[in-house]
Each structure stands twice: as C-alpha cells, then as structure tokens.
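Undergrad: Sending over a structure as structure tokens; questions will come in a sec.
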Amino acid sequence: MKLVSSLVMATSVTAKAQAPAAAKPTTSPLLCLIAGWLVPGAGHFLLKKPIRGALLLLSVVGMFAIGIGLQGKIHQPNTGDLLDMLGFAAQLGNGILYVLARSFDWGHASVQTAVEDYGTKFIVVAGLLNIISAIDAHSLASGRKASE
C-alpha cells in the first residue's frame, strides 16, 4: 500500500513539473517585445491571446485617435526641454502610430488651449500603455509571467 501511494505521489509531482514546460510558448520573447511595441497588441496576438491583443489594440489606437482628434502635440526629439524629452519618449512608445503621426503631420506643434493639452496627455498615455503591453508580452513569452 505504501509503495502504491508513493508511486502515485511521484507521478503527480512529475506531471506538475512537466506541465509548465509544456505550457511555455514557443514564440521568441524579443520578437513579442518588438512586435508589441511597433503594432499595439501584436505581441499578444503572436502568443495566441487574441482577446487581450484586440483589447490592447483598441485601447491604444483609441486613445491615440482621441488625442489626435483633440489636436494634441506630437513631441519631436532634441527640443532641449526636459518635459518635451519625456513626452517624446512616452509618445515614441506608440510605435508605428508615432511614425505615422510625424509622417502625416498630425497633431499640433505647440499646445495653445486646454483641450490640446488633454489631447497631448491622451497620446502620451497611449504610448505608455503600449510600452507596458509590449513588456507584458515579453514576460509571457519568456515564461517570467504565468499565462492565464
């Protein structure tokens, strides 16, 4: 009887030890990080998490579009002002959306009204959310965060 119970425990311990290894995604963590930064939600789509990827895509693109609609400022590099450099770093987190905004001259060059300042904040927060989601995809792909 003791032998049977020890075999059952050993089998269950072995199965538990093998479960996380089998559940680990095969997608490269670096690919998930870069894709998630360039296109909002793409890292999660690569990890076969379409609902989370779609929610992130809609959230980031929605906030970015609201910010552009409110004529928010698109920060440029090397302006010399500390707050502008921080705003640039945060907006760069939008990935391809930032490149499109700079290419098509969306937004304003300077903030003149409170509404435009709110628009700038929407664009900045969209970039920060995209950075967090790309890091989340990297953590999921590398196994540092358990997949839910």
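In the structure tokens, chains take letters A, B, ... by order of appearance, with residues numbered from 1 within each chain and ligands from 1 in the order shown.
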Just want the 10 Å neighbourhood of A:Gln91, counted on only C-alpha atoms, with same-chain residues fewer than 5 positions away dropped. Output as a list in words.

TA: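 Here the answer would be Phe64, Lys73, Ile74, His75, Gln76, Met85, Leu86, Leu97, Tyr98, Val99, Thr120, Lys121, Phe122, Ile123, Val124, Val125, Ala126, Gly127, Leu128, Asn130 and Ile131 of chain A.
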
Undergrad: So how many Å separate atom CA of A:Leu57 and atom CA of A:Leu140, to one decimal?

TA: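 Atom-to-atom, atom CA of A:Leu57 and atom CA of A:Leu140 are spaced 17.4 Å apart.
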
Undergrad: In Å, rounded to a single decimal, give me how far atom CA of A:Gly62 is from atom CA of A:Ile135.

TA: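 Computed distance, atom CA of A:Ile135 to atom CA of A:Gly62, equals 20.0 Å.
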
Undergrad: Could you pull out all residues of stretch 27-61 of chain A with a DSSP call of alpha helix (DSSP H) and give them as an MDAnalysis selection string?

TA: chainID A and resid 29:38 42:46 50:61

Undergrad: Extract, using only C-alpha atoms, all DNA, RNA and protein residues at most 8 Å from A:Tyr118, discarding same-chain residues fewer than 4 positions from it, and format them as an mmCIF file with C-alpha atoms, in the first residue's frame.

TA:
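Produced file around.cif, reproduced below:
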```
data_model
loop_
_atom_site.group_PDB
_atom_site.id
_atom_site.type_symbol
_atom_site.label_atom_id
_atom_site.label_comp_id
_atom_site.auth_asym_id
_atom_site.auth_seq_id
_atom_site.Cartn_x
_atom_site.Cartn_y
_atom_site.Cartn_z
ATOM 1 C CA GLY A 67 -5.507 62.630 -28.707
ATOM 2 C CA LEU A 70 -8.170 66.903 -29.757
ATOM 3 C CA GLY A 72 -2.599 67.096 -29.123
ATOM 4 C CA ALA A 114 -6.537 73.204 -22.542
ATOM 5 C CA PHE A 122 -4.074 61.012 -24.351
#
```

Undergrad: What is the atom CA of A:Gly53-atom CA of A:Ala90 distance in Å, reported with one decimal?

TA: 20.3 Å

Undergrad: Between A:Ile51, A:Gly143, A:Leu30, A:Trp37, which one has atoms that come closest to A:Leu92, using only C-alpha atoms?

TA: A:Trp37

Undergrad: List the neighbours of A:Thr26 out to 12 Å using only C-alpha atoms; skip same-chain residues closer than 6 positions along the sequence, and give me the result as number ranges by chain.

TA: A: 32, 46-48, 138, 140-143

Undergrad: Could you write those residues out with C-alpha atoms, as a CSV table (one decimal), in the first residue's frame?

TA:
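Ended up saving to out17.csv:
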```csv
chain,number,residue,atom,x,y,z
A,32,CYS,CA,7.0,39.6,-29.0
A,46,LEU,CA,1.7,36.2,-31.6
A,47,LEU,CA,1.2,34.5,-28.2
A,48,LYS,CA,-2.2,33.3,-29.3
A,138,HIS,CA,7.8,39.7,-23.4
A,140,LEU,CA,4.6,35.9,-21.1
A,141,ALA,CA,6.8,34.7,-23.9
A,142,SER,CA,9.9,34.3,-21.7
A,143,GLY,CA,7.9,32.4,-19.0
```

Undergrad: Which residues are near A:Ser139? Cut-off 9 Å, only C-alpha atoms, ignore same chain within fewer than 5 positions. Put them as a list of chain:residue names.

TA: A:Pro29, A:Leu33, A:Ala134, A:Arg144, A:Lys145, A:Ala146

Undergrad: Using only C-alpha atoms, find the one residue out of A:Gly95, A:Gly36, A:Gly119, A:Gly80 that sits nearest to A:Gly107.

TA: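 Residue with the minimum atom-to-atom distance to A:Gly107: A:Gly119.
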